[in-house]
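Inspection log for the structure reproduced underneath, given as structure tokens.
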Amino acid sequence: MLYRVKIGDVNDNPPVFNLPHYTTTIEESSMVGKRVKQVYATDRDAGDNGRVEYFLKHDPSGFFVINQYSGWVSVARPMSGVSA
Ligand SMILES: [Ca+2]
């Protein structure tokens, strides 16, 4: 008998950012919603295992938000006059 086995993709590749670090500068007076920087990562897995979504891991200041799908970081609240 011949059995045909289909191997599905497993999630064996972590996402990889296209840069090791991203740096930028931004005016303290920047408006809420201003785009700061876009990050980009790829994942070699197929299908859902290769889909990349972005989250900020640690931002106690709350100054920034990241778009889950585009990777754009933008200003979430006014920075001027705030002592960090
Ligand atoms: Ca993956």
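As shown in the structure tokens, the chain order sets the letters A, B, ...; within each chain, residues go from 1, and ligands are also counted from 1 in the order they appear.
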Item to check | Test item, strand (DSSP E or B) assignment across chain A, answer as a PyMOL selection string | outcome: chain A and resi 16-17+35-38+41-42+64-66+72-75
Next on the checklist: Can you work out which residues are within 7 Å of ligand 1, considering only C-alpha atoms and all ligand atoms, and then hand them over as a PyMOL selection string?
Outcome noted: chain A and resi 11-15+43-45+49-50
Selection to disk with N, CA and C atoms, as a CSV table (one decimal), in the first residue's frame:
chain,number,residue,atom,x,y,z
A,11,ASN,N,5.5,25.9,13.3
A,11,ASN,CA,6.1,27.2,13.6
A,11,ASN,C,7.5,27.1,14.1
A,12,ASP,N,8.4,26.9,13.2
A,12,ASP,CA,9.8,26.6,13.6
A,12,ASP,C,10.8,27.8,13.3
A,13,ASN,N,10.2,28.9,12.8
A,13,ASN,CA,11.1,30.0,12.6
A,13,ASN,C,10.6,31.2,13.4
A,14,PRO,N,11.4,31.9,14.2
A,14,PRO,CA,11.0,33.1,14.9
A,14,PRO,C,11.1,34.3,13.9
A,15,PRO,N,10.3,35.3,14.1
A,15,PRO,CA,10.4,36.5,13.3
A,15,PRO,C,11.7,37.1,13.5
A,43,ASP,N,9.2,36.4,8.7
A,43,ASP,CA,9.2,35.1,9.4
A,43,ASP,C,9.1,34.1,8.3
A,44,ARG,N,10.0,33.1,8.2
A,44,ARG,CA,10.1,32.2,7.1
A,44,ARG,C,9.0,31.1,7.1
A,45,ASP,N,8.3,31.0,8.1
A,45,ASP,CA,7.2,30.0,8.1
A,45,ASP,C,6.1,30.4,7.2
A,49,ASN,N,1.8,30.8,10.7
A,49,ASN,CA,3.0,30.7,11.5
A,49,ASN,C,4.0,31.7,11.0
A,50,GLY,N,3.8,32.2,9.8
A,50,GLY,CA,4.8,33.2,9.3
A,50,GLY,C,4.2,34.6,9.3
Checklist entry - If you count only C-alpha atoms, which residues fall within 10 Å of Arg35 of chain A, apart from same-chain ones fewer than 4 positions away, as JSON, numbers by chain? => result {"A": [26, 30, 31, 64, 65, 66, 72, 73, 74, 75, 76]}
Next on the checklist: As an exercise, work out the distance from atom CA of Ser80 of chain A to atom CA of Leu19 of chain A in Å and give it to one decimal place.
Outcome noted: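 It comes out at 29.2 Å.
Here atom CA of Gly47 of chain A is placed at a distance of 10.0 Å from atom CA of Gly8 of chain A.
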Checklist entry - So which residues touch Asn18 of chain A within 8 Å, counting only C-alpha atoms, skipping near sequence neighbours fewer than 5 positions away, as a PyMOL selection string? => result chain A and resi 39-42
Next on the checklist: Using only C-alpha atoms, can you tell me which of A:Ser70, A:Val52, A:Glu28, A:Met1 comes closest to Val16 of chain A?
Outcome noted: A:Val52
Item to check | Point-to-point distance in Å for atom CA of Ser61 of chain A and atom CA of Arg77 of chain A | outcome: 9.3 Å
Checklist outcome for this item: Min atom-atom distance to Gly33 of chain A from the set A:Tyr3, A:His21, A:Asp48, A:Phe63, counting only C-alpha atoms, belongs to A:Phe63
Next on the checklist: Ranking A:Val36, A:Leu2, A:Gly62, A:Glu53 by minimum distance to Tyr22 of chain A and counting only C-alpha atoms, which one comes first?
Outcome noted: A:Val36
Could you give me the residues within segment 27-80 of chain A that DSSP places in helix (DSSP H, G or I), as a PDB file with C-alpha atoms, in the first residue's frame?
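Saved result, selection31.pdb, follows:
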ATOM      1  CA  GLY A  47       0.700  30.713   6.547  1.00  0.00           C
ATOM      2  CA  ASP A  48      -0.316  31.812  10.018  1.00  0.00           C
ATOM      3  CA  ASN A  49       3.017  30.700  11.468  1.00  0.00           C
ATOM      4  CA  GLY A  50       4.754  33.230   9.291  1.00  0.00           C
TER       5      GLY A  50
END
